[in-house]
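Below: the structure, in structure tokens.
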Amino acid sequence: MKRALAPIALLLIVGGYLSLLKEQQQNFADDPGVGWHLKTGELIAAAREVPRQDPFLALPQGEAFGLKPGEQRRWVCDQWLSDLAFFEAKEAGGYPLVCALLGGAFLVAFFGVVAPAALNRSGSALLALASAAAAFKLSQVHFIMRPTVLGICLFALVHCAIGSFLSVEAPSVRSVLRSSLVFAALFLLWANIHPSFVQGLLLLLLAFPASLLEGRLTRRRFFGLSALLCTSVAATLCNPQGAGLHRSIVSLALDPYLMRLNNEWRPLVERANIFGVAGALFLFLCVVPLPLSMALRKRMPVGWMYDLLSSALFSLQAIQMVRCLPYAAIASAPLAASAYRQLLAGIALPSSFGLTRRFVAELERLEGRSPRWAGVALVVGLLGVLSSHRTLAAAGPHVSPFVAEALSHIKGDPVPGAVLASPDLGGRITAALYPQHRAVLDDRNTMLGADIYRSFFGSMRSLEALRQLCSVFGVHYVIFAPRDTVQGEAIASGLCASVLEMPEGILCRVAPRA
């Protein structure tokens with residue numbers, strides 16, 4: 001019976017987290033960008049070419065926002081490979097297949113990459129699995145149909161690969177060359193999947209001060225890390241936009257308005273319940289291990305300083321931007337497992353705690369079997385995800401009755417035109433109406449810039465601003481949300497006539513003279 005304890009426990013753990021994935025599938029395809037991501041993949045598959053100008057949004061009829069009438073916007077299509085993969089997967093098996101494939105990748109990243117890295121650091125399979133499970137739970141905030149999921153998986157691979165490289169006492173020339181090829185391949189893939197490859201470059205930069213603080217930055221290690229960094233940076237330039245991709249990322253990072261526009265870029269305290277489960281997990285996984293590892297530094301394993309610096313950096317990022325929570329969780333898991341392992345190893349239980357001592361001894365006895373059964377549990381979990389993808393009916397997008405009816409009404413209009421609506425609806429408009437009708441704006445912040453977003457939110461409060469925006473883009477329809485205060489004035493002034501009115505919003509047809 002004791003031998004069955006480890007596999008049963010681990011299978012239950014993996015099964016429990018698979019059930020969490022199933023819960024997350026309810027909102028899997030509800031991201032605002034799903035529509036234009038899939039349409040981009042469709043265009044790339046048809047033309048065998050990555051677009052350099054935006055094909056989806058309405059062209060201006062007048063000069064505004066630095067654009068001349070009829071001028072297309074230049075678009076740095078920075079997630080083209082993910083878009084193509086999503087489209088092909090959806091064509092093959094619909095949204096359920098996309099959900100299953102991303103769920104499998106997510107599971108491998110945490111239980112197939114992060115957990116073994118935590119095991120190598122701590123020597124405790126149970127603590128490694130516990131830290132990986134906590135990281136998995138924290139990171140589920142971004143388990144949605146977006147290329148960022150693949151970026152998270154690649155971050156886990158790069159973080160653990162750097163840790164493995166740093167664990168070698170004196171890397172040989174052959175190992176450096178081999179590692180350089182691996183890193184070049186990872187960053188080549190990453191730069192064409194998602195802009196989060198910048199986080200991987202930060203990890204490589206952290207390896208230098210980490211080795212220096214541990215007194216292990218020898219000449220050979222310095223040149224080895226430099227080779228990894230140079231080949232990785234060079235690989236990120238191998239994309240359809242070249243250095244333009246990097247300039248696009250920098251322009252977004254330096255724009256304070258755009259960085260506060262989306263909820264995922266807001267601070268952790270604004271977007272998560274810090275007094276709930278997420279807050280407790282973040283505390284014990286990302287916060288407590290930092291001072292604990294410093295206090296136990298003499299007993300920490302080789303390479304722990306890299307874990308400490310990466311955990312501290314990305315935890316600070318997560319506090320400032322909830323989007324970075326998965327990176328903080330992945331970077332913190334190995335440090336948490338090793339810190340708690342050293343803490344428990346230093347605790348001597350009194351003889352009166354007989355039952356507790358026996359329980360701890362039993363856990364230690366099972367440590368040797370746990371890694372093997374963890375692999376079995378991972379395989380079983382993956383097979384379960386992939387084999388059940390056709391029954392995951394909740395994986396598709398959810399559209400409110402008002403939005404569905406509004407899009408259906410606009411689609412029936414044979415006259416092509418522009419549709420003005422919230423950026424959150426831009427992707428849905430593209431998916432349902434392109435190319436006959438086009439959205440004025442969507443959630444691609446870097447391409448659009450801050451000015452047009454300011455103009456849109458102003459137009460939802462000011463009749464004159466709305467009239468100007470409709471004139472500039474030749475708007476045919478406006479979809480108002482209940483919070484848009486200008487909708488009554490727009491109807492009363494004759495700017496637009498109400499076509500569809502529901503509690504969730506109002507669809508208005510703009511008068512031709514407007």
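Residues are named by chain letter and number: chains run A, B, ... in the order of the structure tokens, numbers start at 1 in each chain, and ligands are numbered from 1 in the order shown.
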Got a sec: who's within 10 Å of stretch 494-503 of chain A, counting only C-alpha atoms, leaving out chain neighbours fewer than 3 positions off, as a CSV table (one decimal) with all heavy atoms, in the first residue's frame?
chain,number,residue,atom,x,y,z
A,401,PRO,N,-25.5,38.4,-26.4
A,401,PRO,CA,-26.6,38.4,-27.4
A,401,PRO,C,-26.6,39.7,-28.1
A,401,PRO,O,-26.9,39.8,-29.3
A,401,PRO,CB,-27.9,38.2,-26.5
A,401,PRO,CG,-27.4,37.5,-25.3
A,401,PRO,CD,-26.0,37.9,-25.0
A,402,PHE,N,-26.3,40.8,-27.4
A,402,PHE,CA,-26.3,42.1,-28.1
A,402,PHE,C,-25.3,42.2,-29.1
A,402,PHE,O,-25.5,42.7,-30.3
A,402,PHE,CB,-26.2,43.3,-27.0
A,402,PHE,CG,-25.8,44.6,-27.6
A,402,PHE,CD1,-26.7,45.3,-28.4
A,402,PHE,CD2,-24.5,45.1,-27.5
A,402,PHE,CE1,-26.4,46.5,-29.0
A,402,PHE,CE2,-24.2,46.3,-28.1
A,402,PHE,CZ,-25.1,47.0,-28.8
A,403,VAL,N,-24.0,41.9,-28.8
A,403,VAL,CA,-22.9,41.9,-29.7
A,403,VAL,C,-23.2,41.0,-30.9
A,403,VAL,O,-22.9,41.4,-32.1
A,403,VAL,CB,-21.6,41.6,-29.0
A,403,VAL,CG1,-20.5,41.5,-30.1
A,403,VAL,CG2,-21.2,42.7,-28.0
A,405,GLU,N,-26.0,40.0,-32.1
A,405,GLU,CA,-27.1,40.6,-33.0
A,405,GLU,C,-26.6,41.8,-33.7
A,405,GLU,O,-27.0,42.0,-34.9
A,405,GLU,CB,-28.3,40.9,-32.1
A,405,GLU,CG,-29.6,41.2,-33.0
A,405,GLU,CD,-30.8,41.2,-32.2
A,405,GLU,OE1,-30.8,40.7,-31.0
A,405,GLU,OE2,-31.8,41.7,-32.7
A,406,ALA,N,-25.8,42.6,-33.1
A,406,ALA,CA,-25.3,43.8,-33.7
A,406,ALA,C,-24.4,43.5,-34.9
A,406,ALA,O,-24.5,44.0,-36.0
A,406,ALA,CB,-24.5,44.7,-32.7
A,409,HIS,N,-26.5,42.2,-37.8
A,409,HIS,CA,-27.2,43.3,-38.5
A,409,HIS,C,-26.2,44.0,-39.4
A,409,HIS,O,-26.6,44.3,-40.6
A,409,HIS,CB,-27.8,44.2,-37.5
A,409,HIS,CG,-28.6,45.3,-38.1
A,409,HIS,ND1,-29.9,45.2,-38.3
A,409,HIS,CD2,-28.2,46.5,-38.6
A,409,HIS,CE1,-30.4,46.4,-38.9
A,409,HIS,NE2,-29.3,47.2,-39.1
A,463,LEU,N,-20.0,64.9,-27.9
A,463,LEU,CA,-20.7,64.8,-29.2
A,463,LEU,C,-19.8,65.3,-30.3
A,463,LEU,O,-19.7,64.7,-31.4
A,463,LEU,CB,-22.0,65.5,-29.2
A,463,LEU,CG,-22.8,65.5,-30.5
A,463,LEU,CD1,-23.2,64.1,-30.8
A,463,LEU,CD2,-24.1,66.4,-30.3
A,466,LEU,N,-17.1,62.8,-31.1
A,466,LEU,CA,-17.7,61.7,-31.8
A,466,LEU,C,-17.9,62.1,-33.3
A,466,LEU,O,-17.6,61.3,-34.2
A,466,LEU,CB,-19.0,61.2,-31.1
A,466,LEU,CG,-19.7,60.1,-31.8
A,466,LEU,CD1,-18.9,58.8,-31.9
A,466,LEU,CD2,-21.1,59.8,-31.1
A,467,ARG,N,-18.5,63.2,-33.5
A,467,ARG,CA,-18.8,63.7,-34.9
A,467,ARG,C,-17.5,63.7,-35.7
A,467,ARG,O,-17.4,63.3,-36.9
A,467,ARG,CB,-19.5,65.0,-34.9
A,467,ARG,CG,-20.1,65.5,-36.2
A,467,ARG,CD,-20.6,66.9,-36.1
A,467,ARG,NE,-21.7,67.0,-35.1
A,467,ARG,CZ,-23.0,66.7,-35.3
A,467,ARG,NH1,-23.4,66.3,-36.5
A,467,ARG,NH2,-23.8,66.8,-34.3
A,470,CYS,N,-16.2,60.2,-36.5
A,470,CYS,CA,-17.0,59.6,-37.5
A,470,CYS,C,-16.7,60.1,-38.9
A,470,CYS,O,-16.6,59.4,-39.9
A,470,CYS,CB,-18.5,59.8,-37.2
A,470,CYS,SG,-19.1,58.8,-35.8
A,476,HIS,N,-19.9,54.1,-40.5
A,476,HIS,CA,-21.3,53.8,-40.8
A,476,HIS,C,-22.1,53.4,-39.6
A,476,HIS,O,-23.3,53.6,-39.5
A,476,HIS,CB,-21.3,52.7,-41.8
A,476,HIS,CG,-21.0,53.1,-43.2
A,476,HIS,ND1,-21.3,52.4,-44.4
A,476,HIS,CD2,-20.4,54.3,-43.7
A,476,HIS,CE1,-20.8,53.0,-45.4
A,476,HIS,NE2,-20.3,54.2,-45.1
A,477,TYR,N,-21.4,52.7,-38.7
A,477,TYR,CA,-22.1,52.2,-37.5
A,477,TYR,C,-21.3,52.5,-36.2
A,477,TYR,O,-20.0,52.5,-36.3
A,477,TYR,CB,-22.3,50.7,-37.5
A,477,TYR,CG,-23.4,50.2,-38.5
A,477,TYR,CD1,-23.0,49.9,-39.8
A,477,TYR,CD2,-24.7,50.2,-38.1
A,477,TYR,CE1,-24.0,49.5,-40.7
A,477,TYR,CE2,-25.7,49.8,-39.1
A,477,TYR,CZ,-25.3,49.4,-40.3
A,477,TYR,OH,-26.3,49.0,-41.2
A,478,VAL,N,-22.0,52.8,-35.1
A,478,VAL,CA,-21.4,53.0,-33.8
A,478,VAL,C,-22.0,52.0,-32.8
A,478,VAL,O,-23.2,51.9,-32.8
A,478,VAL,CB,-21.5,54.4,-33.3
A,478,VAL,CG1,-20.8,54.6,-32.0
A,478,VAL,CG2,-21.0,55.4,-34.3
A,479,ILE,N,-21.2,51.3,-32.1
A,479,ILE,CA,-21.7,50.4,-31.1
A,479,ILE,C,-21.4,51.0,-29.8
A,479,ILE,O,-20.2,51.1,-29.4
A,479,ILE,CB,-21.0,49.0,-31.2
A,479,ILE,CG1,-21.3,48.3,-32.5
A,479,ILE,CG2,-21.5,48.1,-30.1
A,479,ILE,CD1,-20.7,47.0,-32.7
A,480,PHE,N,-22.4,51.4,-29.1
A,480,PHE,CA,-22.3,52.1,-27.8
A,480,PHE,C,-22.4,51.1,-26.6
A,480,PHE,O,-23.3,50.2,-26.7
A,480,PHE,CB,-23.3,53.2,-27.6
A,480,PHE,CG,-23.2,54.4,-28.5
A,480,PHE,CD1,-24.1,54.7,-29.5
A,480,PHE,CD2,-22.1,55.3,-28.2
A,480,PHE,CE1,-23.9,55.8,-30.3
A,480,PHE,CE2,-22.0,56.4,-29.0
A,480,PHE,CZ,-22.9,56.7,-30.1
A,481,ALA,N,-21.6,51.2,-25.6
A,481,ALA,CA,-21.7,50.5,-24.4
A,481,ALA,C,-22.6,51.3,-23.4
A,481,ALA,O,-22.7,52.5,-23.6
A,481,ALA,CB,-20.4,50.2,-23.8
A,482,PRO,N,-23.2,50.7,-22.4
A,482,PRO,CA,-24.1,51.4,-21.5
A,482,PRO,C,-23.4,52.6,-20.8
A,482,PRO,O,-24.0,53.6,-20.5
A,482,PRO,CB,-24.5,50.4,-20.5
A,482,PRO,CG,-24.4,49.1,-21.2
A,482,PRO,CD,-23.3,49.2,-22.2
A,487,GLN,N,-24.3,58.7,-26.0
A,487,GLN,CA,-25.2,58.0,-27.0
A,487,GLN,C,-26.5,58.7,-27.1
A,487,GLN,O,-27.1,58.8,-28.2
A,487,GLN,CB,-25.4,56.5,-26.5
A,487,GLN,CG,-25.9,56.4,-25.1
A,487,GLN,CD,-26.0,54.9,-24.7
A,487,GLN,OE1,-26.8,54.2,-25.1
A,487,GLN,NE2,-25.1,54.5,-23.8
A,488,GLY,N,-27.1,59.2,-26.0
A,488,GLY,CA,-28.3,60.0,-26.0
A,488,GLY,C,-28.2,61.2,-26.9
A,488,GLY,O,-29.1,61.5,-27.7
A,489,GLU,N,-27.1,62.0,-26.7
A,489,GLU,CA,-26.9,63.2,-27.5
A,489,GLU,C,-26.8,62.9,-29.0
A,489,GLU,O,-27.3,63.6,-29.8
A,489,GLU,CB,-25.7,63.9,-27.0
A,489,GLU,CG,-25.8,64.5,-25.6
A,489,GLU,CD,-24.5,65.2,-25.2
A,489,GLU,OE1,-24.1,66.2,-25.9
A,489,GLU,OE2,-23.8,64.8,-24.3
A,490,ALA,N,-26.1,61.8,-29.3
A,490,ALA,CA,-25.9,61.4,-30.7
A,490,ALA,C,-27.2,61.1,-31.4
A,490,ALA,O,-27.4,61.5,-32.5
A,490,ALA,CB,-24.9,60.2,-30.8
A,491,ILE,N,-28.1,60.5,-30.7
A,491,ILE,CA,-29.4,60.1,-31.3
A,491,ILE,C,-30.3,61.4,-31.4
A,491,ILE,O,-30.9,61.6,-32.4
A,491,ILE,CB,-30.1,59.0,-30.4
A,491,ILE,CG1,-29.3,57.7,-30.5
A,491,ILE,CG2,-31.5,58.8,-30.9
A,491,ILE,CD1,-29.8,56.6,-29.6
A,506,ILE,N,-26.2,49.9,-27.4
A,506,ILE,CA,-27.0,50.4,-28.5
A,506,ILE,C,-26.2,50.4,-29.8
A,506,ILE,O,-25.0,50.8,-29.8
A,506,ILE,CB,-27.5,51.8,-28.2
A,506,ILE,CG1,-28.4,51.9,-27.0
A,506,ILE,CG2,-28.2,52.4,-29.4
A,506,ILE,CD1,-28.8,53.3,-26.6
A,507,LEU,N,-26.8,49.9,-30.9
A,507,LEU,CA,-26.2,49.9,-32.2
A,507,LEU,C,-26.8,51.1,-33.0
A,507,LEU,O,-28.1,51.1,-33.1
A,507,LEU,CB,-26.4,48.6,-32.9
A,507,LEU,CG,-26.0,48.6,-34.4
A,507,LEU,CD1,-24.4,48.8,-34.6
A,507,LEU,CD2,-26.4,47.3,-35.1
A,508,CYS,N,-26.0,52.0,-33.5
A,508,CYS,CA,-26.6,53.1,-34.2
A,508,CYS,C,-26.0,53.2,-35.6
A,508,CYS,O,-24.8,52.9,-35.8
A,508,CYS,CB,-26.2,54.4,-33.5
A,508,CYS,SG,-27.1,54.7,-31.9
A,509,ARG,N,-26.9,53.6,-36.6
A,509,ARG,CA,-26.5,53.8,-38.0
A,509,ARG,C,-26.2,55.3,-38.1
A,509,ARG,O,-27.1,56.1,-37.8
A,509,ARG,CB,-27.6,53.3,-38.9
A,509,ARG,CG,-27.2,53.5,-40.4
A,509,ARG,CD,-26.1,52.6,-40.8
A,509,ARG,NE,-26.1,52.4,-42.3
A,509,ARG,CZ,-25.4,53.2,-43.1
A,509,ARG,NH1,-24.8,54.3,-42.6
A,509,ARG,NH2,-25.4,52.9,-44.4
A,510,VAL,N,-25.0,55.6,-38.5
A,510,VAL,CA,-24.7,57.0,-38.7
A,510,VAL,C,-25.4,57.6,-39.9
A,510,VAL,O,-25.4,57.0,-41.0
A,510,VAL,CB,-23.1,57.2,-38.8
A,510,VAL,CG1,-22.8,58.7,-39.0
A,510,VAL,CG2,-22.5,56.7,-37.6
A,511,ALA,N,-26.0,58.8,-39.8
A,511,ALA,CA,-26.7,59.4,-40.9
A,511,ALA,C,-25.7,59.8,-42.0
A,511,ALA,O,-24.5,60.2,-41.7
A,511,ALA,CB,-27.4,60.7,-40.4
A,512,PRO,N,-26.1,59.6,-43.2
A,512,PRO,CA,-25.1,59.9,-44.4
A,512,PRO,C,-24.6,61.3,-44.3
A,512,PRO,O,-23.4,61.5,-44.7
A,512,PRO,CB,-26.0,59.7,-45.6
A,512,PRO,CG,-27.1,58.8,-45.1
A,512,PRO,CD,-27.4,59.1,-43.7
A,513,ARG,N,-25.3,62.3,-43.9
A,513,ARG,CA,-24.8,63.7,-43.9
A,513,ARG,C,-23.8,63.9,-42.8
A,513,ARG,O,-23.1,64.9,-42.8
A,513,ARG,CB,-26.0,64.7,-43.7
A,513,ARG,CG,-26.8,64.4,-42.4
A,513,ARG,CD,-28.0,65.4,-42.3
A,513,ARG,NE,-28.8,65.1,-41.2
A,513,ARG,CZ,-28.6,65.5,-40.0
A,513,ARG,NH1,-27.5,66.3,-39.7
A,513,ARG,NH2,-29.4,65.2,-39.0
A,514,ALA,N,-23.7,63.0,-41.9
A,514,ALA,CA,-22.7,63.1,-40.8
A,514,ALA,C,-21.3,62.9,-41.3
A,514,ALA,O,-20.4,63.3,-40.7
A,514,ALA,CB,-23.0,62.2,-39.6
Between atom CA of A:Leu258 and atom CA of A:Leu407, distance in Å (one decimal) =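 A separation of 27.5 Å between them.
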Give me every helix (DSSP H, G or I) residue in stretch 73-311 of chain A, going by DSSP on the backbone, as a PyMOL selection string.
-> chain A and resi 80-122+125-142+148-167+173-191+197-213+219-236+243-253+256-259+263-265+268-271+277-287+289-295+297-299+304-311
Determine, counting only C-alpha atoms, which protein, DNA and RNA residues have an atom within 8 Å of an atom of A:Arg220; residues of the same chain fewer than 4 positions away are not included. Present the result as a VMD selection string.
-> chain A and resid 170 to 171 224
Those residues with N, CA, C and O atoms, as a compact mmCIF listing (two decimals), in the first residue's frame please?
# COMPACT_ATOMS: atom_id res chain seq x y z
N ALA A 170 33.06 24.38 -15.07
CA ALA A 170 33.96 24.95 -16.07
C ALA A 170 33.47 24.53 -17.45
O ALA A 170 33.87 23.48 -17.96
N PRO A 171 32.59 25.31 -18.08
CA PRO A 171 32.04 24.92 -19.38
C PRO A 171 33.11 24.82 -20.45
O PRO A 171 33.95 25.72 -20.59
N GLY A 224 31.66 32.31 -22.18
CA GLY A 224 30.56 31.40 -22.49
C GLY A 224 29.22 32.11 -22.44
O GLY A 224 28.39 31.98 -23.35
Within 10 Å of A:Leu127 using only C-alpha atoms, minus same-chain residues under 4 positions, as a ChimeraX atom specification = /A:115,118-119,122-123,131-133,333-334,336-341,367
